[in-house]
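What follows is the content of input_5.txt (compact mmCIF, C-alpha atoms).
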```
# COMPACT_ATOMS: atom_id res chain seq x y z
CA MET I 139 0.00 0.00 0.00
CA GLU I 140 1.22 3.51 -0.84
CA THR I 141 1.25 4.93 2.67
CA ALA I 142 2.66 8.28 1.53
CA ARG I 143 -0.39 8.92 -0.65
CA TYR I 144 -2.75 8.37 2.26
CA ASN I 145 -0.54 9.87 5.00
CA ARG I 146 -2.81 12.76 5.93
CA GLN I 147 -5.74 10.47 6.64
CA ILE I 148 -3.65 7.64 8.13
CA ILE I 149 -2.34 10.01 10.80
CA LEU I 150 -5.91 10.50 12.01
CA PRO I 151 -6.37 8.11 14.94
CA GLU I 152 -9.87 7.31 13.59
CA VAL I 153 -8.31 5.97 10.37
CA GLY I 154 -4.74 4.71 10.91
CA ILE I 155 -3.14 1.89 8.92
CA ASP I 156 -5.98 -0.44 9.89
CA GLY I 157 -8.57 1.96 8.53
CA GLN I 158 -6.62 2.43 5.33
CA GLN I 159 -6.60 -1.33 4.86
CA LYS I 160 -10.38 -1.42 5.36
CA LEU I 161 -10.73 1.23 2.65
CA GLN I 162 -8.48 -0.77 0.35
CA GLN I 163 -10.54 -3.92 0.84
CA ALA I 164 -13.89 -2.16 0.34
CA LYS I 165 -15.96 -2.55 -2.82
CA VAL I 166 -18.42 0.23 -3.54
CA LEU I 167 -20.90 0.45 -6.44
CA ILE I 168 -22.07 3.88 -7.58
CA VAL I 169 -25.36 3.74 -9.48
CA GLY I 170 -25.48 6.77 -11.77
CA ALA I 171 -22.66 8.89 -13.18
CA GLY I 172 -24.57 12.19 -13.09
CA GLY I 173 -24.27 15.08 -10.65
CA LEU I 174 -24.24 12.98 -7.46
CA GLY I 175 -22.14 10.14 -8.90
CA VAL I 176 -19.34 12.38 -10.15
CA ALA I 177 -19.21 14.12 -6.76
CA VAL I 178 -18.94 10.82 -4.89
CA LEU I 179 -16.47 9.07 -7.22
CA PRO I 180 -13.33 11.24 -6.99
CA TYR I 181 -13.44 11.36 -3.19
CA LEU I 182 -13.86 7.60 -2.82
CA ALA I 183 -11.10 7.03 -5.38
CA ALA I 184 -8.73 9.52 -3.76
CA ALA I 185 -9.36 8.06 -0.29
CA GLY I 186 -8.27 4.65 -1.60
CA ILE I 187 -11.49 2.60 -1.80
CA GLY I 188 -9.98 -0.53 -3.37
CA GLU I 189 -12.65 -1.33 -5.92
CA ILE I 190 -15.30 1.03 -7.27
CA GLY I 191 -17.98 0.10 -9.78
CA ILE I 192 -19.96 2.75 -11.65
CA ILE I 193 -22.97 2.01 -13.82
CA ASP I 194 -24.76 4.36 -16.23
CA ASP I 195 -25.66 4.11 -19.92
CA ASP I 196 -25.75 7.88 -20.48
CA ARG I 197 -23.46 9.88 -22.72
CA ILE I 198 -22.17 13.30 -21.76
CA GLU I 199 -24.37 16.18 -22.92
CA VAL I 200 -23.52 19.84 -22.93
CA THR I 201 -26.30 20.52 -20.38
CA ASN I 202 -24.52 18.17 -17.93
CA LEU I 203 -21.30 20.17 -17.74
CA GLN I 204 -22.62 22.85 -15.34
CA ARG I 205 -22.94 20.28 -12.53
CA GLN I 206 -21.12 17.11 -13.59
CA VAL I 207 -17.77 18.76 -13.14
CA ILE I 208 -15.39 15.87 -13.89
CA TYR I 209 -16.47 15.87 -17.54
CA LYS I 210 -14.65 18.08 -20.04
CA SER I 211 -16.26 20.12 -22.80
CA SER I 212 -14.28 18.06 -25.30
CA SER I 213 -15.92 14.88 -23.97
CA VAL I 214 -19.48 15.70 -25.00
CA GLY I 215 -20.95 12.65 -26.70
CA LYS I 216 -18.69 10.17 -24.90
CA SER I 217 -19.77 7.53 -22.39
CA LYS I 218 -20.05 8.96 -18.89
CA VAL I 219 -18.77 5.92 -17.04
CA LEU I 220 -15.77 5.44 -19.34
CA GLU I 221 -14.77 9.08 -18.89
CA ALA I 222 -15.35 8.80 -15.15
CA LYS I 223 -13.19 5.68 -15.00
CA ALA I 224 -10.33 7.38 -16.83
CA MET I 225 -10.54 10.40 -14.50
CA ALA I 226 -10.59 8.26 -11.34
CA LEU I 227 -7.65 6.11 -12.44
CA GLU I 228 -5.62 9.19 -13.25
CA LEU I 229 -6.41 10.45 -9.77
CA ASN I 230 -5.46 7.14 -8.15
CA PRO I 231 -3.93 4.40 -10.34
CA SER I 232 -3.62 1.98 -7.41
CA ILE I 233 -7.36 1.20 -7.22
CA LYS I 234 -9.66 -0.82 -9.47
CA ILE I 235 -12.53 0.86 -11.32
CA ASN I 236 -15.23 -1.16 -13.08
CA ALA I 237 -17.26 0.84 -15.60
CA PHE I 238 -20.61 -0.58 -16.75
CA THR I 239 -22.05 1.18 -19.81
CA GLU I 240 -25.55 -0.06 -19.17
CA LYS I 241 -28.65 0.93 -17.27
CA LEU I 242 -29.37 -0.66 -13.92
CA ASP I 243 -32.46 -2.83 -14.25
CA SER I 244 -34.13 -5.76 -12.55
CA LYS I 245 -32.18 -8.17 -14.75
CA ASN I 246 -28.65 -7.04 -13.85
CA ALA I 247 -29.14 -5.53 -10.37
CA ILE I 248 -28.91 -8.66 -8.22
CA LEU I 249 -25.82 -10.20 -9.82
CA LEU I 250 -24.10 -6.81 -9.83
CA PHE I 251 -24.94 -5.87 -6.23
CA GLU I 252 -23.63 -9.22 -5.00
CA GLN I 253 -20.13 -8.18 -6.10
CA TYR I 254 -20.05 -5.09 -3.85
CA ASP I 255 -20.23 -4.21 -0.13
CA ILE I 256 -22.00 -0.85 -0.36
CA ILE I 257 -24.33 0.60 -3.00
CA VAL I 258 -24.46 4.36 -3.58
CA ASP I 259 -27.72 5.67 -5.04
CA ALA I 260 -26.74 8.51 -7.35
CA THR I 261 -29.76 8.17 -9.62
CA ASP I 262 -32.25 10.78 -10.75
CA ASN I 263 -35.58 8.96 -10.64
CA LEU I 264 -37.80 7.25 -8.10
CA ASP I 265 -38.30 4.00 -10.02
CA THR I 266 -34.59 3.24 -9.88
CA LYS I 267 -34.48 4.16 -6.18
CA TYR I 268 -37.16 1.56 -5.41
CA LEU I 269 -35.30 -0.95 -7.61
CA ILE I 270 -32.03 -0.27 -5.75
CA ASN I 271 -33.85 -0.57 -2.44
CA ASP I 272 -35.41 -3.91 -3.33
CA ALA I 273 -32.24 -5.35 -4.87
CA CYS I 274 -30.34 -4.28 -1.73
CA GLY I 275 -32.98 -6.09 0.32
CA VAL I 276 -32.49 -9.30 -1.67
CA THR I 277 -28.69 -9.15 -1.59
CA ASN I 278 -28.55 -7.75 1.97
CA LYS I 279 -26.44 -4.71 1.05
CA PRO I 280 -26.58 -1.26 2.64
CA PHE I 281 -27.22 1.68 0.37
CA VAL I 282 -26.37 5.31 0.73
CA TYR I 283 -29.20 7.48 -0.58
CA GLY I 284 -28.88 11.01 -1.84
CA SER I 285 -31.34 13.15 -3.73
CA VAL I 286 -31.87 16.77 -4.63
CA TYR I 287 -34.87 18.99 -5.28
CA LYS I 288 -33.77 22.44 -6.42
CA PHE I 289 -31.97 23.94 -3.37
CA GLU I 290 -32.77 21.12 -0.95
CA GLY I 291 -31.13 17.74 -0.54
CA GLN I 292 -31.86 14.50 1.29
CA VAL I 293 -29.33 11.95 2.53
CA SER I 294 -29.87 8.66 4.34
CA VAL I 295 -28.45 5.16 4.77
CA PHE I 296 -30.89 2.34 4.14
CA ASN I 297 -30.84 -1.39 4.82
CA TYR I 298 -27.73 -1.07 6.99
CA GLU I 299 -27.43 -4.18 9.18
CA ASN I 300 -31.10 -4.94 8.60
CA GLY I 301 -32.08 -1.37 9.38
CA PRO I 302 -34.97 0.61 7.87
CA THR I 303 -35.26 0.80 4.09
CA TYR I 304 -36.30 3.39 1.53
CA ARG I 305 -39.80 1.88 1.56
CA CYS I 306 -40.02 2.39 5.33
CA LEU I 307 -39.47 6.11 4.74
CA PHE I 308 -41.40 6.55 1.49
CA PRO I 309 -43.89 3.68 1.13
CA ASP I 310 -45.91 5.31 -1.64
CA GLU I 311 -44.38 4.18 -4.93
CA SER I 312 -46.92 5.96 -7.12
CA ASN I 313 -45.19 9.27 -6.55
CA GLU I 314 -44.13 11.56 -9.35
CA VAL I 315 -41.32 13.94 -8.56
CA LYS I 316 -39.38 16.23 -10.83
CA ASN I 317 -35.68 15.49 -11.42
CA CYS I 318 -32.91 18.01 -12.12
CA ASN I 319 -33.63 18.05 -15.85
CA ASP I 320 -37.19 19.19 -15.23
CA ALA I 321 -36.87 21.22 -12.03
CA GLY I 322 -33.46 22.83 -12.50
CA VAL I 323 -30.50 22.58 -10.12
CA MET I 324 -27.24 24.29 -9.23
CA GLY I 325 -24.06 22.23 -9.57
CA ILE I 326 -23.14 23.05 -5.98
CA SER I 327 -26.33 21.45 -4.66
CA VAL I 328 -25.66 18.00 -6.10
CA GLY I 329 -22.00 18.42 -5.12
CA ILE I 330 -22.86 19.05 -1.45
CA ILE I 331 -25.27 16.12 -1.26
CA GLY I 332 -22.74 13.86 -3.04
CA MET I 333 -20.17 14.86 -0.41
CA PHE I 334 -22.56 13.83 2.37
CA GLN I 335 -23.00 10.47 0.61
CA ALA I 336 -19.25 9.90 0.17
CA ASN I 337 -18.82 10.77 3.85
CA GLU I 338 -21.38 8.13 4.89
CA VAL I 339 -19.60 5.53 2.72
CA LEU I 340 -16.20 6.24 4.28
CA LYS I 341 -17.65 6.25 7.82
CA MET I 342 -19.38 2.93 7.14
CA VAL I 343 -16.18 1.32 5.83
CA LEU I 344 -14.07 2.71 8.67
CA GLY I 345 -16.68 2.01 11.35
CA ILE I 346 -16.47 5.54 12.76
CA GLY I 347 -19.07 8.13 13.71
CA ASP I 348 -22.85 7.69 13.54
CA LEU I 349 -24.36 6.68 10.23
CA LEU I 350 -27.62 8.10 8.91
CA SER I 351 -29.28 4.69 9.30
CA GLY I 352 -32.89 5.28 10.34
CA LYS I 353 -32.34 9.00 9.89
CA LEU I 354 -33.19 11.32 7.01
CA LEU I 355 -30.94 14.34 6.71
CA VAL I 356 -32.50 17.29 4.91
CA TYR I 357 -30.18 20.13 3.93
CA ASN I 358 -31.31 23.49 2.62
CA MET I 359 -28.63 25.24 0.55
CA LEU I 360 -30.36 28.63 0.66
CA ASN I 361 -30.51 29.08 4.43
CA ASN I 362 -28.03 26.35 5.51
CA GLU I 363 -30.64 24.77 7.73
CA GLN I 364 -30.01 21.13 8.39
CA GLN I 365 -32.52 18.78 9.98
CA LYS I 366 -32.59 15.12 10.85
CA PHE I 367 -35.76 13.04 10.98
CA GLU I 368 -35.90 9.61 12.56
CA PHE I 369 -37.78 6.68 11.10
CA SER I 370 -38.08 3.02 11.97
CA LYS I 371 -38.28 -0.28 10.16
CA LYS I 372 -41.56 -1.70 8.92
CA ALA I 373 -41.44 -5.48 8.79
CA MET I 374 -43.85 -5.69 5.86
CA HIS I 375 -41.29 -4.23 3.52
CA ALA I 376 -38.87 -7.17 3.68
CA ILE I 377 -38.31 -8.62 0.24
CA ASP I 378 -36.78 -11.92 -0.92
CA LEU I 379 -35.65 -13.03 -4.34
CA LEU I 380 -38.94 -14.63 -5.37
CA ALA I 381 -40.89 -11.53 -4.39
CA PHE I 382 -38.37 -9.39 -6.29
CA GLU I 383 -38.74 -11.49 -9.43
CA ASN I 384 -42.50 -11.44 -9.19
CA LYS I 385 -42.51 -7.69 -8.81
CA TYR I 386 -40.08 -6.76 -11.55
CA SER I 387 -40.07 -9.50 -14.13
CA SER I 388 -42.62 -10.53 -16.67
CA ILE I 389 -42.23 -13.96 -18.28
CA GLU I 390 -40.40 -12.54 -21.28
CA THR I 391 -37.96 -10.43 -19.37
CA ALA I 392 -37.32 -12.61 -16.33
CA THR I 393 -33.65 -12.98 -15.58
CA ILE I 394 -32.00 -16.10 -16.96
CA GLU I 395 -29.33 -16.40 -14.28
CA ILE I 396 -29.17 -16.62 -10.50
CA SER I 397 -26.00 -16.74 -8.39
CA ALA I 398 -25.11 -19.98 -6.62
CA ALA I 399 -25.34 -18.32 -3.20
CA LEU I 400 -28.84 -16.97 -3.79
CA ALA I 401 -29.92 -20.28 -5.34
CA LEU I 402 -28.89 -22.18 -2.22
CA GLU I 403 -30.82 -19.76 -0.05
CA GLN I 404 -33.97 -20.92 -1.87
CA MET I 405 -33.21 -24.55 -1.01
CA HIS I 406 -36.03 -25.06 1.47
CA HIS I 407 -38.65 -23.15 -0.42
CA PRO I 408 -41.49 -25.59 -1.15
CA GLU I 409 -41.96 -24.38 -4.74
CA VAL I 410 -38.29 -24.62 -5.69
CA LEU I 411 -36.82 -27.59 -7.54
CA PHE I 412 -33.12 -27.94 -8.37
CA LEU I 413 -32.61 -29.48 -11.81
CA ASP I 414 -29.22 -31.00 -12.61
CA VAL I 415 -28.86 -31.27 -16.40
CA ARG I 416 -25.47 -33.01 -16.29
CA ASN I 417 -24.99 -36.66 -17.07
CA ALA I 418 -25.14 -39.05 -14.12
CA ASP I 419 -21.36 -39.65 -14.15
CA GLU I 420 -20.31 -36.01 -13.65
CA TYR I 421 -18.65 -34.68 -10.49
CA PRO I 422 -18.92 -32.98 -8.05
CA LYS I 423 -22.17 -34.58 -7.00
CA ILE I 424 -24.61 -32.00 -5.65
CA THR I 425 -27.10 -33.53 -3.25
CA ILE I 426 -30.14 -31.36 -2.64
CA LYS I 427 -33.39 -32.66 -1.20
CA ASN I 428 -35.60 -30.90 -3.76
CA GLY I 429 -33.38 -32.07 -6.60
CA ILE I 430 -33.78 -34.06 -9.80
CA GLN I 431 -31.34 -35.04 -12.55
CA ILE I 432 -32.34 -34.98 -16.21
CA PRO I 433 -29.41 -34.74 -18.68
CA LEU I 434 -29.78 -31.89 -21.18
CA ASP I 435 -30.17 -34.16 -24.23
CA ARG I 436 -33.15 -35.91 -22.61
CA LEU I 437 -34.75 -32.78 -21.15
CA GLU I 438 -37.36 -32.16 -23.85
CA SER I 439 -38.66 -35.73 -23.74
CA GLU I 440 -38.80 -35.75 -19.93
CA LEU I 441 -40.60 -32.46 -19.34
CA HIS I 442 -43.66 -34.29 -17.99
CA GLN I 443 -41.63 -35.02 -14.83
CA LEU I 444 -41.59 -31.32 -13.98
CA ASP I 445 -44.23 -29.01 -12.55
CA VAL I 446 -44.85 -26.04 -14.86
CA ASN I 447 -45.50 -23.73 -11.89
CA ALA I 448 -42.40 -24.64 -9.92
CA THR I 449 -39.36 -22.39 -9.68
CA LEU I 450 -36.71 -24.48 -11.44
CA LEU I 451 -33.10 -23.69 -10.56
CA VAL I 452 -31.08 -25.40 -13.24
CA PHE I 453 -27.40 -26.23 -13.07
CA CYS I 454 -24.76 -28.07 -15.06
CA GLN I 455 -21.00 -28.19 -14.55
CA SER I 456 -20.18 -24.52 -15.11
CA GLY I 457 -23.39 -22.76 -16.19
CA ILE I 458 -23.45 -23.11 -19.98
CA ARG I 459 -25.62 -26.17 -20.64
CA SER I 460 -27.99 -24.95 -17.94
CA LYS I 461 -28.63 -21.74 -19.90
CA LYS I 462 -29.64 -23.87 -22.90
CA ALA I 463 -31.86 -25.90 -20.61
CA VAL I 464 -33.55 -22.72 -19.35
CA GLU I 465 -34.25 -21.68 -22.95
CA ILE I 466 -35.88 -25.04 -23.61
CA LEU I 467 -37.88 -24.79 -20.40
CA ARG I 468 -39.06 -21.25 -21.08
CA ASN I 469 -40.12 -22.24 -24.59
CA ASN I 470 -42.24 -24.93 -22.97
CA ASN I 471 -43.97 -22.50 -20.58
CA PHE I 472 -41.76 -23.08 -17.57
CA ALA I 473 -41.68 -19.36 -16.83
CA ASN I 474 -39.81 -19.63 -13.55
CA ALA I 475 -36.71 -21.46 -14.74
CA LYS I 476 -33.28 -20.00 -13.99
CA SER I 477 -29.73 -21.09 -14.63
CA ILE I 478 -27.35 -21.14 -11.68
CA ALA I 479 -24.29 -19.07 -12.63
CA GLY I 480 -21.07 -21.07 -12.33
CA GLY I 481 -23.00 -24.36 -12.09
CA ALA I 482 -22.05 -27.28 -9.84
CA LYS I 483 -18.53 -25.90 -9.38
CA ALA I 484 -19.92 -22.71 -7.84
CA LEU I 485 -22.47 -24.60 -5.71
CA ASP I 486 -19.79 -26.96 -4.45
CA LYS I 487 -17.63 -24.08 -3.27
CA ILE I 488 -20.29 -22.74 -0.93
CA ASP I 489 -20.38 -24.15 2.55
CA VAL I 490 -24.02 -25.13 2.67
CA TYR I 491 -24.14 -25.18 6.46
CA LYS I 492 -22.88 -21.63 6.61
CA VAL I 493 -25.65 -20.56 4.27
CA PHE I 494 -28.21 -22.09 6.59
CA GLU I 495 -26.97 -20.39 9.69
CA THR I 496 -27.92 -17.05 8.21
CA LEU I 497 -31.46 -18.11 7.35
CA MET X 164 -49.39 26.69 18.87
CA ILE X 165 -48.43 24.14 16.22
CA ALA X 166 -45.64 24.70 13.70
CA VAL X 167 -45.81 23.12 10.25
CA LYS X 168 -42.69 22.88 8.06
CA TYR X 169 -42.69 22.35 4.33
CA PHE X 170 -40.01 20.78 2.13
CA GLY X 171 -39.28 20.29 -1.57
CA ALA X 172 -42.25 20.41 -3.91
CA ILE X 173 -44.60 20.95 -0.94
CA ALA X 174 -42.81 24.18 0.02
CA GLU X 175 -43.15 25.24 -3.58
CA LYS X 176 -46.91 24.75 -3.47
CA THR X 177 -47.31 26.52 -0.13
CA LYS X 178 -44.83 29.24 -1.19
CA SER X 179 -43.25 29.14 2.29
CA GLN X 180 -40.90 27.11 4.47
CA GLY X 181 -43.60 26.78 7.09
CA GLU X 182 -46.31 28.41 9.14
CA GLU X 183 -47.87 28.32 12.59
CA PHE X 184 -51.38 27.47 13.67
CA SER X 185 -52.79 28.68 16.95
CA PHE X 186 -54.74 25.61 17.98
CA SER X 187 -53.90 22.29 19.56
CA ASN X 188 -55.67 19.04 20.41
CA MET X 189 -56.71 18.67 16.81
CA PRO X 190 -56.45 15.35 15.00
CA LEU X 191 -53.44 15.36 12.65
CA LYS X 192 -55.60 14.03 9.85
CA ASP X 193 -57.87 17.08 10.10
CA LEU X 194 -54.91 19.43 9.80
CA LEU X 195 -53.71 17.43 6.78
CA SER X 196 -57.08 17.68 5.05
CA VAL X 197 -57.09 21.42 5.60
CA LEU X 198 -53.59 21.77 4.15
CA LYS X 199 -54.30 19.46 1.23
CA TYR X 200 -57.36 21.48 0.33
CA LYS X 201 -55.76 24.88 0.87
CA TYR X 202 -52.60 24.16 -1.13
CA GLU X 203 -53.88 21.53 -3.58
CA LEU X 204 -51.45 18.91 -2.34
CA ASP X 205 -53.53 15.96 -3.46
CA LEU X 206 -51.20 14.90 -6.24
CA LEU X 207 -48.12 14.99 -4.04
CA SER X 208 -47.23 12.22 -1.72
CA PHE X 209 -45.16 12.85 1.37
CA SER X 210 -44.20 11.40 4.70
CA ILE X 211 -45.06 13.16 7.92
CA ALA X 212 -42.81 13.75 10.88
CA ILE X 213 -43.98 14.97 14.26
CA ASN X 214 -41.18 16.47 16.35
CA GLN X 215 -38.54 15.03 13.98
CA LYS X 216 -39.96 11.49 14.06
CA ILE X 217 -41.58 10.01 10.94
CA MET X 218 -45.09 8.77 11.77
CA GLN X 219 -45.98 5.24 10.69
CA ASP X 220 -49.66 5.80 11.33
CA THR X 221 -51.06 9.30 10.92
CA SER X 222 -54.73 8.40 11.32
CA SER X 223 -55.03 8.49 15.10
CA TYR X 224 -52.52 11.11 16.22
CA ILE X 225 -53.88 14.13 18.10
CA LEU X 226 -51.73 17.23 17.80
CA LYS X 227 -50.49 18.77 21.04
CA SER X 228 -49.35 22.30 21.72
CA ASN X 229 -45.76 22.95 20.54
CA ASP X 230 -45.80 20.02 18.10
CA ILE X 231 -43.72 20.55 14.98
CA VAL X 232 -45.18 18.86 11.94
CA ALA X 233 -42.97 18.32 8.85
CA LEU X 234 -44.28 17.40 5.41
CA LEU X 235 -41.49 15.51 3.64
CA PRO X 236 -41.82 14.51 0.01
CA PRO X 237 -39.17 12.29 -1.62
CA PHE X 238 -36.68 14.06 -3.89
CA ALA X 239 -35.58 12.57 -7.18
CA GLY X 240 -32.85 14.79 -8.61
CA GLY X 241 -29.29 13.70 -8.90
```

Would it be possible to restate this file's structure as structure tokens?
Amino acid sequence: METARYNRQIILPEVGIDGQQKLQQAKVLIVGAGGLGVAVLPYLAAAGIGEIGIIDDDRIEVTNLQRQVIYKSSSVGKSKVLEAKAMALELNPSIKINAFTEKLDSKNAILLFEQYDIIVDATDNLDTKYLINDACGVTNKPFVYGSVYKFEGQVSVFNYENGPTYRCLFPDESNEVKNCNDAGVMGISVGIIGMFQANEVLKMVLGIGDLLSGKLLVYNMLNNEQQKFEFSKKAMHAIDLLAFENKYSSIETATIEISAALALEQMHHPEVLFLDVRNADEYPKITIKNGIQIPLDRLESELHQLDVNATLLVFCQSGIRSKKAVEILRNNNFANAKSIAGGAKALDKIDVYKVFETL
Amino acid sequence: MIAVKYFGAIAEKTKSQGEEFSFSNMPLKDLLSVLKYKYELDLLSFSIAINQKIMQDTSSYILKSNDIVALLPPFAGG
């Protein structure tokens, strides 16, 4: 580790070498490379967060430049996340930046969130905030919320150690609220709120201070008034993977893949059946109570063995044949079939007993 | 005396950061209906905090003297 680079924060007793190592081991995903995202990113990168993901499918527009200050005039038309990645690596070449030039949706959210420790909501619409909230619920990740309306900003930390979620604070999903494009915003305002978010991320990683979990911070840029409101968890807003899929996915768009860890968590669900499409002589053997083996080349002729309404979690050796199997199943009206990413090899790596302890 | 504070799009509708009402022992829901009617807030959704605590259930709360009511809509900009 480059201790000279981080000297001024390492000499803080609250950080120290231990804290710097925590920062280096942390993985943070920033959803959105707009005004909030570009405020958060350079500070996390400079502080030495070891791995930062950033996802956004937008390209830089001239109307962004007034508040998305890491982008250059000469970069108009280029991908935001690729430009952001280049900037962050120039700032700190010793960290890893993963740029995703796509939009966060219900199909990629779960697999992506599983790769990170903390999710930063730097989006500009309510639909994506509810999606982030629900995907964080499924993957058990905390998320740092920030949002701006004209000269006011909100900051909070949701789903931290099973704490209250975005839905506990704002249960009404039917809301329509203007974003910066419609309402107008000063660059400073998103910058200030992004700073509050980056601060919560660093505090969370370092384990210092009091996080805004269960608290909504509202900051007014015009009069500098700052208020905190407390809220508590509502049990009814807990969400699991099946509920998530039911909410977000129609038959056509349902995700094809599920991670091995999440698949195993479904093991005792009465409607879940594990389907091994390998041949009987393949190893490692995966023994699951709700399991059945039908080799891929016999699958179509053996479909009568399977319940059309069951959630079928399909695996092969490494996750390739099982995707084919899912295609066959979906074409035969098995809407709830999914391929387990990484297949038997990934399942075998997970200590099943450990998975159960957390249930 | 009861103080009401407005935020975000609500403050825009009411054209103020807040106001005071000189009554107490009034059901919160009655105050909300008055405000919704007066400022045409029907299309906006918001959470309600009393004395800095978000209320889970606003239907049965009776306002007391010196209560501070906050109307908090979600923000979306970023």

Find, counting all atoms listed in the file, the residue in X:Ser222, X:Asn214, X:Ser196, X:Ser228 that gets nearest to chain I.
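Between X:Ser222, X:Asn214, X:Ser196, X:Ser228, the residue approaching chain I most closely is X:Asn214.
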
Using only C-alpha atoms, which residues sit within 9 Å of I:Val295 once same-chain residues fewer than 2 positions away are excluded, as number ranges by chain?
I: 280-284, 293, 297-298, 301-304, 335, 338, 349-354

Would you kindly report the residues of chain X within 7 Å of chain I, using all atoms listed in the file, as a ChimeraX atom specification?
/X:171,207-208,210,215-217,237-241

Using atom CA of I:Lys341 and atom CA of I:Val176 as the two end points, give the distance in Å to one decimal.
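Calculated distance between atom CA of I:Lys341 and atom CA of I:Val176 is 19.1 Å.
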
Identify which of the residues X:Ile211, X:Ala172, X:Leu226, X:Leu204 lies closest to X:Phe184, counting only C-alpha atoms when measuring atom-to-atom distances.
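Comparing X:Ile211, X:Ala172, X:Leu226, X:Leu204 against X:Phe184, the winner is X:Leu226.
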
Could you please determine the separation between atom CA of I:Gln443 and atom CA of I:Lys461 in Å, to one decimal place?
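Taking atom CA of I:Gln443 as the start and atom CA of I:Lys461 as the end point, the length is 19.3 Å.
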
May I ask for the distance between atom CA of I:Ile394 and atom CA of I:Leu451, given in Å to one decimal place?
10.0 Å

So which residues touch X:Glu182 within 8 Å, counting all atoms listed in the file, skipping near sequence neighbours fewer than 5 positions away, as a VMD selection string?
chain X and resid 166 to 168

Within 10 Å of I:Gln158, counting only C-alpha atoms, which residues qualify if same-chain residues fewer than 2 places away don't, as a count of residues only?
21

Minimum-distance residue to I:Leu203, chosen among I:Leu437, I:Ile424, I:Leu400, I:Lys218 (using all atoms listed in the file)
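For I:Leu203, the nearest of the candidates is I:Lys218.
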
With a distance cut-off of 8 Å and only C-alpha atoms, select the neighbouring residues of I:Leu485, excluding the residue or stretch itself and same-chain residues fewer than 2 positions from it, and output the selection as a PyMOL selection string.
chain I and resi 398-399+402+424+480-483+487-488

For the residues in the current selection, export C-alpha atoms as a PDB file, in the coordinates of the input.
```
ATOM      1  CA  ALA I 398     -25.110 -19.980  -6.620  1.00  0.00           C
ATOM      2  CA  ALA I 399     -25.340 -18.320  -3.200  1.00  0.00           C
ATOM      3  CA  LEU I 402     -28.890 -22.180  -2.220  1.00  0.00           C
ATOM      4  CA  ILE I 424     -24.610 -32.000  -5.650  1.00  0.00           C
ATOM      5  CA  GLY I 480     -21.070 -21.070 -12.330  1.00  0.00           C
ATOM      6  CA  GLY I 481     -23.000 -24.360 -12.090  1.00  0.00           C
ATOM      7  CA  ALA I 482     -22.050 -27.280  -9.840  1.00  0.00           C
ATOM      8  CA  LYS I 483     -18.530 -25.900  -9.380  1.00  0.00           C
ATOM      9  CA  LYS I 487     -17.630 -24.080  -3.270  1.00  0.00           C
ATOM     10  CA  ILE I 488     -20.290 -22.740  -0.930  1.00  0.00           C
TER      11      ILE I 488
END
```

Need the shell around I:Val410: protein/DNA/RNA residues with any atom at most 12 Å away, counting all atoms listed in the file. Skip same-chain ones fewer than 2 positions apart. Format as a list in words?
Leu379, Leu380, Ala401, Leu402, Glu403, Gln404, Met405, His406, His407, Pro408, Phe412, Leu413, Ile426, Lys427, Asn428, Gly429, Ile430, Leu444, Asp445, Val446, Asn447, Ala448, Thr449, Leu450, Leu451, Val452, Asn474, Ala475 and Lys476 of chain I

For those residues, write C-alpha atoms to a file as a short mmCIF file (atom, residue, chain, number, x, y, z; two decimals), in the coordinates of the input.
```cif
data_model
loop_
_atom_site.label_atom_id
_atom_site.label_comp_id
_atom_site.auth_asym_id
_atom_site.auth_seq_id
_atom_site.Cartn_x
_atom_site.Cartn_y
_atom_site.Cartn_z
CA LEU I 379 -35.65 -13.03 -4.34
CA LEU I 380 -38.94 -14.63 -5.37
CA ALA I 401 -29.92 -20.28 -5.34
CA LEU I 402 -28.89 -22.18 -2.22
CA GLU I 403 -30.82 -19.76 -0.05
CA GLN I 404 -33.97 -20.92 -1.87
CA MET I 405 -33.21 -24.55 -1.01
CA HIS I 406 -36.03 -25.06 1.47
CA HIS I 407 -38.65 -23.15 -0.42
CA PRO I 408 -41.49 -25.59 -1.15
CA PHE I 412 -33.12 -27.94 -8.37
CA LEU I 413 -32.61 -29.48 -11.81
CA ILE I 426 -30.14 -31.36 -2.64
CA LYS I 427 -33.39 -32.66 -1.20
CA ASN I 428 -35.60 -30.90 -3.76
CA GLY I 429 -33.38 -32.07 -6.60
CA ILE I 430 -33.78 -34.06 -9.80
CA LEU I 444 -41.59 -31.32 -13.98
CA ASP I 445 -44.23 -29.01 -12.55
CA VAL I 446 -44.85 -26.04 -14.86
CA ASN I 447 -45.50 -23.73 -11.89
CA ALA I 448 -42.40 -24.64 -9.92
CA THR I 449 -39.36 -22.39 -9.68
CA LEU I 450 -36.71 -24.48 -11.44
CA LEU I 451 -33.10 -23.69 -10.56
CA VAL I 452 -31.08 -25.40 -13.24
CA ASN I 474 -39.81 -19.63 -13.55
CA ALA I 475 -36.71 -21.46 -14.74
CA LYS I 476 -33.28 -20.00 -13.99
#
```

Axis-aligned box for all listed atoms of stretch 227-236 of chain X, 4 Å per side, centre and edges in Å to one decimal, as AutoDock Vina command-line options:
```
--center_x -46.0 --center_y 18.7 --center_z 10.9 --size_x 17.0 --size_y 16.4 --size_z 29.7
```
